[in-house]
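Structure first, then comments.
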Amino acid sequence: MTEIKRRQMIKSMGALSVGIASAPFAKAELPTKVQSENKINCDILVVGGGTAGTIAAIQAARCGAKTILIESGSQPGGTITTGGVTFPGLFHAWRKQIIGGIGWEIVSECVKMNGDQMPNFNVIINNTTVRHWRHQIAINSALYVLLAEEKCIDAGVDIRYYESPVAVEFKKNNWIVETAGKGSFSQIKCNQIIDCTGNALISSMAGCEVLREKETQPGSLLFALEGYDYSKLNLDKIPKRYHSLLRQNMLTNSEKEGTPNNFPTTSPYNYVYVPEADSTSSVTHTDANIRGRKELLKVLRELKTFPGCENIRIASLKTETAVRETYRISGLYQITHDDYINGVDFEDAVSYSFYPVDLHREGKTIHQEYLENGAVGKIPLRALIPENSKNLVVAGRCVSSDRMANSALRVQASCMGMGQAAAVTAFLAHKMNVSPEDVPATVVRSELVKHGAIVPD
């Protein structure tokens with residue numbers, strides 16, 4: 001953004017902010033213009049405070065790096081908090097914990113402080129270790145926000161909500177990142193960037209190649225209903241397409257499971273699919289949210305026309321449509337479906353991932369493939385580094401991978417592990433004055449272990 005355009009925007013925003021001042025504030029001293037541009041220096045800039053970014057920021061700061069976290073929303077946590085997917089997983093595989101560190105620290109504290117319980121990670125069904133959602137951990141998302149934010153502050157992270165990058169430039173072995181926020185512009189000079197946007201936004205802005213499918217998975221807008229008794233409904237008078245929604249919405253997860261003490265009781269919930277949900281830009285993200293809410297309103301109105309559902313109402317609605325798939329980087333290595341499903345070993349593996357291939361399609365159909373018996377997916381450091389990049393590493397959904405592998409790698413515990421690994425890598429790169437690709441994976445793993453992470457042998 002040029003200085004002229006910046007000043008013009010500041011001027012117009014300043015005029016607007018003064019012009020809409022309401023009567024109660026008329027006597028207060030109001031600024032005549034928006035705050036001028038701030039120039040800030042840091043060691044590591046984390047862009048995106050979602051599932052991976054929150055963990056990355058805490059880890060970078062705990063390493064001793066001066067860390068800034070910018071997040072376009074109002075709170076940390078991403079899909080866990082704003083998206084409402086309050087059952088992160090998977091931290092365990094085959095009776096063994098495979099992801100620990102900061103993500104596990106926050107989740108464990110959430111469970112303990114809220115008086116909840118962990119699933120039984122050792123439960124056996126049909127002589128096979130349970131491998132999927134029955135090992136996800138039910139947490140209170142509001143408490144997750146409070147704990148994650150506290151840990152960021154305690155570690156010394158400079159949190160900047162409501163702020164987004166508008167320009168990036170690599171200059172003299174440092175990044176210059178211009179950001180725009182509510183009433184302010186900032187110019188952040190940093191040595192290393194961790195792209196945790198989920199959409200590979202920074203990587204794309206920096207000129208790195210990014211990949212995307214022609215057709216992407218639908219997003220989900222989560223909600224809960226109340227005001228009816230499923231046991232008393234005459235389902236013959238209600239279309240079959242609503243039967244599972246009405247039933248599932250009344251059940252706790254422990255009831256769905258039917259196995260005592262395996263999956264902790266959580267509040268009922270349901271969701272509507274949002275085809276081609278895209279969080280890449282404010283325009284596409286707005287569209288995804290509007291379409292999700294419009295579909296829910298349509299469902300609600302129709303449900304209220306059926307006998308026994310006249311008093312049905314919304315008990316809760318999540319802030320945003322949770323997005324599953326947009327852009328991912330073209331990294332130094334691309335994790336393939338076969339790599340993931342067979343648990344292929346990599347010399348530079350820095351984190352684990354365990355979840356079935358989980359490709360959602362419209363109509364609530366899901367293609368799933370489980371990992372081979374005893375296998376655990378591994379994430380090589382090269383998959384976190386964009387091709388032809390300098391001082392840049394990514395974590396989370398935009399990890400370099402093919403579509404099938406990505407549908408499993410994108411889940412929350414895996415993203416937490418990646419976030420911690422990316423932060424340690426960025427810190428070491430800063431300390432050694434090199435790019436992330438030049439940091440030995442053995443050194444990364446050693447440092448991760450010091451911070452409680454679980455790393456591949």
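Quick note on naming: the chains in the structure tokens go A, B, ... in the order shown, residues restart at 1 in each chain, and ligands are numbered from 1 in order of appearance.
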
Contact residues around A:Met416 with only C-alpha atoms at 7 Å, ignoring same-chain residues under 2 positions, as a count of residues only: 10

Residues within 10 Å of stretch 206-214 of chain A, only C-alpha atoms, excluding chain neighbours under 4 positions, as a ChimeraX atom specification: /A:167-170,175,199-202,276,325-331,386-390,392,398,400-403

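The space between atom CA of A:Leu300 and atom CA of A:Thr319 spans 17.5 Å.
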
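Atom CA of A:Thr286 is positioned 26.6 Å from atom CA of A:Ile193.
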
d(atom CA of A:Leu359, atom CA of A:Thr81) in Å: 22.2 Å

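Comparing the minimum interatomic distances between A:Arg95 and each of A:Leu332, A:Val350, A:Leu303, A:Val376, counting only C-alpha atoms, we find that A:Val376 sits nearest.
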
DSSP-assigned strand (DSSP E or B) among stretch 184-414 of chain A, expressed as a VMD selection string: chain A and resid 184 to 190 192 to 195 210 to 211 219 to 226 270 to 274 313 to 317 322 328 to 329 331 335 349 to 353 357 to 361 365 to 369 377 to 380 386 392 to 394 401

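Closest approach to A:Asn311 among A:Gly227, A:Pro275, A:Pro88, A:Gly183 is made by A:Gly227 (distances from only C-alpha atoms).
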
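With only C-alpha atoms taken into account, the protein and nucleic acid residues at most 9 Å from stretch 364-374 of chain A (excluding it and anything under 2 positions from it in its own chain) are A:Ala93, A:Trp94, A:Arg131, A:His132, A:Val272, A:Tyr273, A:Tyr340, A:Ile341, A:Asn342, A:Gly343, A:Phe354, A:Tyr355, A:Pro356, A:Val357, A:Asp358, A:Leu359, A:His360, A:Arg361, A:Glu362, A:Val376, A:Gly377.
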
Sort by chain and increasing residue number a table of all residues of stretch 355-382 of chain A within 10 Å of stretch 434-457 of chain A, each with its closest pair of atoms and their distance in Å to one decimal, counting only C-alpha atoms, and write it as a Markdown table.
```
| residue | atom | partner | partner_atom | distance |
| --- | --- | --- | --- | --- |
| A:Val376 | CA | A:Pro456 | CA | 9.7 |
| A:Gly377 | CA | A:Pro456 | CA | 9.8 |
| A:Lys378 | CA | A:Pro456 | CA | 7.3 |
| A:Ile379 | CA | A:Pro456 | CA | 9.0 |
| A:Pro380 | CA | A:Ala441 | CA | 8.6 |
| A:Leu381 | CA | A:Ala441 | CA | 6.9 |
| A:Arg382 | CA | A:Glu437 | CA | 7.0 |
```

Residues near A:Val323, cut-off 12 Å, only C-alpha atoms, skip fewer than 5 positions along chain, as number ranges by chain: A: 50, 78-80, 82-85, 197-199, 216-222, 273-280, 284-285, 288-289, 292, 360, 397, 407, 410-411

Could you save those same residues with N, CA and C atoms as a short mmCIF file (atom, residue, chain, number, x, y, z; two decimals), in the first residue's frame?
```cif
data_model
loop_
_atom_site.label_atom_id
_atom_site.label_comp_id
_atom_site.auth_asym_id
_atom_site.auth_seq_id
_atom_site.Cartn_x
_atom_site.Cartn_y
_atom_site.Cartn_z
N GLY A 50 -5.60 -19.13 15.16
CA GLY A 50 -6.50 -20.27 15.25
C GLY A 50 -5.88 -21.43 16.01
N GLY A 78 -9.67 -20.45 16.91
CA GLY A 78 -10.15 -20.86 15.59
C GLY A 78 -11.34 -21.78 15.62
N THR A 79 -11.22 -22.95 14.98
CA THR A 79 -12.36 -23.85 14.86
C THR A 79 -12.82 -24.36 16.23
N ILE A 80 -11.94 -24.41 17.21
CA ILE A 80 -12.35 -24.87 18.54
C ILE A 80 -13.28 -23.88 19.19
N THR A 82 -14.32 -20.15 17.81
CA THR A 82 -15.23 -19.43 16.91
C THR A 82 -16.07 -20.38 16.08
N GLY A 83 -15.47 -21.49 15.64
CA GLY A 83 -16.20 -22.46 14.83
C GLY A 83 -17.02 -23.45 15.64
N GLY A 84 -16.71 -23.56 16.94
CA GLY A 84 -17.53 -24.40 17.81
C GLY A 84 -17.27 -25.89 17.74
N VAL A 85 -16.15 -26.31 17.14
CA VAL A 85 -15.83 -27.74 17.09
C VAL A 85 -15.09 -28.06 18.40
N THR A 197 -2.58 -19.03 8.86
CA THR A 197 -3.87 -18.49 8.40
C THR A 197 -4.85 -19.58 8.00
N GLY A 198 -4.38 -20.78 7.76
CA GLY A 198 -5.25 -21.85 7.29
C GLY A 198 -5.46 -21.81 5.80
N ASN A 199 -5.26 -20.65 5.21
CA ASN A 199 -5.46 -20.44 3.77
C ASN A 199 -4.16 -20.16 3.04
N THR A 216 -14.12 -27.85 -3.40
CA THR A 216 -13.65 -28.03 -2.03
C THR A 216 -14.75 -28.60 -1.14
N GLN A 217 -14.35 -29.10 0.00
CA GLN A 217 -15.30 -29.69 0.93
C GLN A 217 -16.23 -28.62 1.49
N PRO A 218 -17.47 -29.00 1.83
CA PRO A 218 -18.37 -28.03 2.45
C PRO A 218 -17.91 -27.68 3.85
N GLY A 219 -18.30 -26.49 4.30
CA GLY A 219 -18.06 -26.12 5.69
C GLY A 219 -19.26 -26.53 6.52
N SER A 220 -19.15 -26.34 7.84
CA SER A 220 -20.25 -26.68 8.74
C SER A 220 -20.55 -25.51 9.67
N LEU A 221 -21.83 -25.15 9.76
CA LEU A 221 -22.28 -24.16 10.73
C LEU A 221 -22.95 -24.92 11.86
N LEU A 222 -22.35 -24.87 13.04
CA LEU A 222 -22.84 -25.67 14.17
C LEU A 222 -23.89 -24.92 14.97
N TYR A 273 -24.57 -28.10 6.40
CA TYR A 273 -23.45 -27.98 5.47
C TYR A 273 -23.56 -26.68 4.68
N VAL A 274 -22.40 -26.09 4.40
CA VAL A 274 -22.33 -24.88 3.57
C VAL A 274 -21.42 -25.21 2.38
N PRO A 275 -22.00 -25.51 1.21
CA PRO A 275 -21.19 -25.91 0.05
C PRO A 275 -20.14 -24.86 -0.31
N GLU A 276 -18.92 -25.35 -0.65
CA GLU A 276 -17.83 -24.47 -1.11
C GLU A 276 -17.53 -23.33 -0.12
N ALA A 277 -17.68 -23.60 1.15
CA ALA A 277 -17.37 -22.58 2.16
C ALA A 277 -15.90 -22.18 2.06
N ASP A 278 -15.64 -20.89 1.99
CA ASP A 278 -14.30 -20.40 1.71
C ASP A 278 -13.98 -19.24 2.65
N SER A 279 -12.91 -19.38 3.42
CA SER A 279 -12.51 -18.33 4.37
C SER A 279 -11.31 -17.53 3.88
N THR A 280 -11.02 -17.61 2.58
CA THR A 280 -9.81 -16.97 2.04
C THR A 280 -9.82 -15.46 2.17
N THR A 284 -15.43 -13.84 0.64
CA THR A 284 -15.85 -15.24 0.58
C THR A 284 -16.27 -15.76 1.96
N HIS A 285 -15.61 -15.27 3.01
CA HIS A 285 -15.96 -15.71 4.35
C HIS A 285 -17.33 -15.18 4.76
N ALA A 288 -19.90 -17.32 3.07
CA ALA A 288 -20.07 -18.63 3.72
C ALA A 288 -20.93 -18.51 4.97
N ASN A 289 -20.70 -17.47 5.76
CA ASN A 289 -21.48 -17.28 6.98
C ASN A 289 -22.94 -16.97 6.67
N GLY A 292 -24.73 -20.09 5.40
CA GLY A 292 -24.97 -21.04 6.48
C GLY A 292 -26.15 -20.62 7.34
N HIS A 360 -15.29 -34.77 3.32
CA HIS A 360 -16.73 -34.47 3.36
C HIS A 360 -17.23 -34.07 1.98
N ARG A 397 -3.79 -26.26 8.61
CA ARG A 397 -4.50 -26.82 7.46
C ARG A 397 -3.78 -26.62 6.14
N SER A 407 -7.13 -34.04 4.30
CA SER A 407 -8.42 -34.19 4.97
C SER A 407 -8.28 -34.80 6.35
N ARG A 410 -5.70 -31.94 8.74
CA ARG A 410 -6.31 -30.66 9.11
C ARG A 410 -6.93 -30.64 10.50
N VAL A 411 -7.07 -31.81 11.16
CA VAL A 411 -7.79 -31.84 12.43
C VAL A 411 -6.98 -31.17 13.54
#
```

Helix (DSSP H, G or I) call set, DSSP backbone run, stretch 86-289 of chain A, as a PyMOL selection string: chain A and resi 101-113+133-135+141-155+201-205+230-232+235-237+240-250+253-257+282-289

Selection: 12 Å around A:Ile153, only C-alpha atoms, excl. self and same-chain fewer than 2 positions, as a VMD selection string: chain A and resid 54 57 to 59 61 to 62 67 to 69 76 146 to 151 155 to 160

Take the selection from the previous step and output its residues with C-alpha atoms, as a PDB file, in the first residue's frame.
```
ATOM      1  CA  THR A  54      -2.266 -19.889  19.169  1.00  0.00           C
ATOM      2  CA  ALA A  57       2.701 -18.006  19.385  1.00  0.00           C
ATOM      3  CA  ILE A  58       2.894 -19.406  22.917  1.00  0.00           C
ATOM      4  CA  GLN A  59       5.786 -21.690  21.950  1.00  0.00           C
ATOM      5  CA  ALA A  61       7.446 -16.658  23.136  1.00  0.00           C
ATOM      6  CA  ARG A  62       8.339 -19.402  25.619  1.00  0.00           C
ATOM      7  CA  THR A  67       6.607 -12.615  19.347  1.00  0.00           C
ATOM      8  CA  ILE A  68       3.624 -10.858  17.807  1.00  0.00           C
ATOM      9  CA  LEU A  69       0.362 -12.653  17.032  1.00  0.00           C
ATOM     10  CA  PRO A  76      -7.861 -17.284  19.939  1.00  0.00           C
ATOM     11  CA  LEU A 146      -9.600 -17.794  28.540  1.00  0.00           C
ATOM     12  CA  LEU A 147      -6.791 -20.276  29.141  1.00  0.00           C
ATOM     13  CA  ALA A 148      -5.196 -19.909  25.706  1.00  0.00           C
ATOM     14  CA  GLU A 149      -5.229 -16.125  25.937  1.00  0.00           C
ATOM     15  CA  GLU A 150      -3.783 -16.213  29.450  1.00  0.00           C
ATOM     16  CA  LYS A 151      -0.944 -18.465  28.323  1.00  0.00           C
ATOM     17  CA  ALA A 155       4.528 -16.029  27.752  1.00  0.00           C
ATOM     18  CA  GLY A 156       4.886 -12.417  26.580  1.00  0.00           C
ATOM     19  CA  VAL A 157       3.042 -12.638  23.263  1.00  0.00           C
ATOM     20  CA  ASP A 158       1.932  -9.280  21.857  1.00  0.00           C
ATOM     21  CA  ILE A 159      -1.635 -10.092  20.743  1.00  0.00           C
ATOM     22  CA  ARG A 160      -3.231  -7.899  18.108  1.00  0.00           C
TER      23      ARG A 160
END
```

Residue nearest A:Ile99 among A:Ala224, A:Cys415, A:Ala349, A:Val47 (counting only C-alpha atoms): A:Cys415
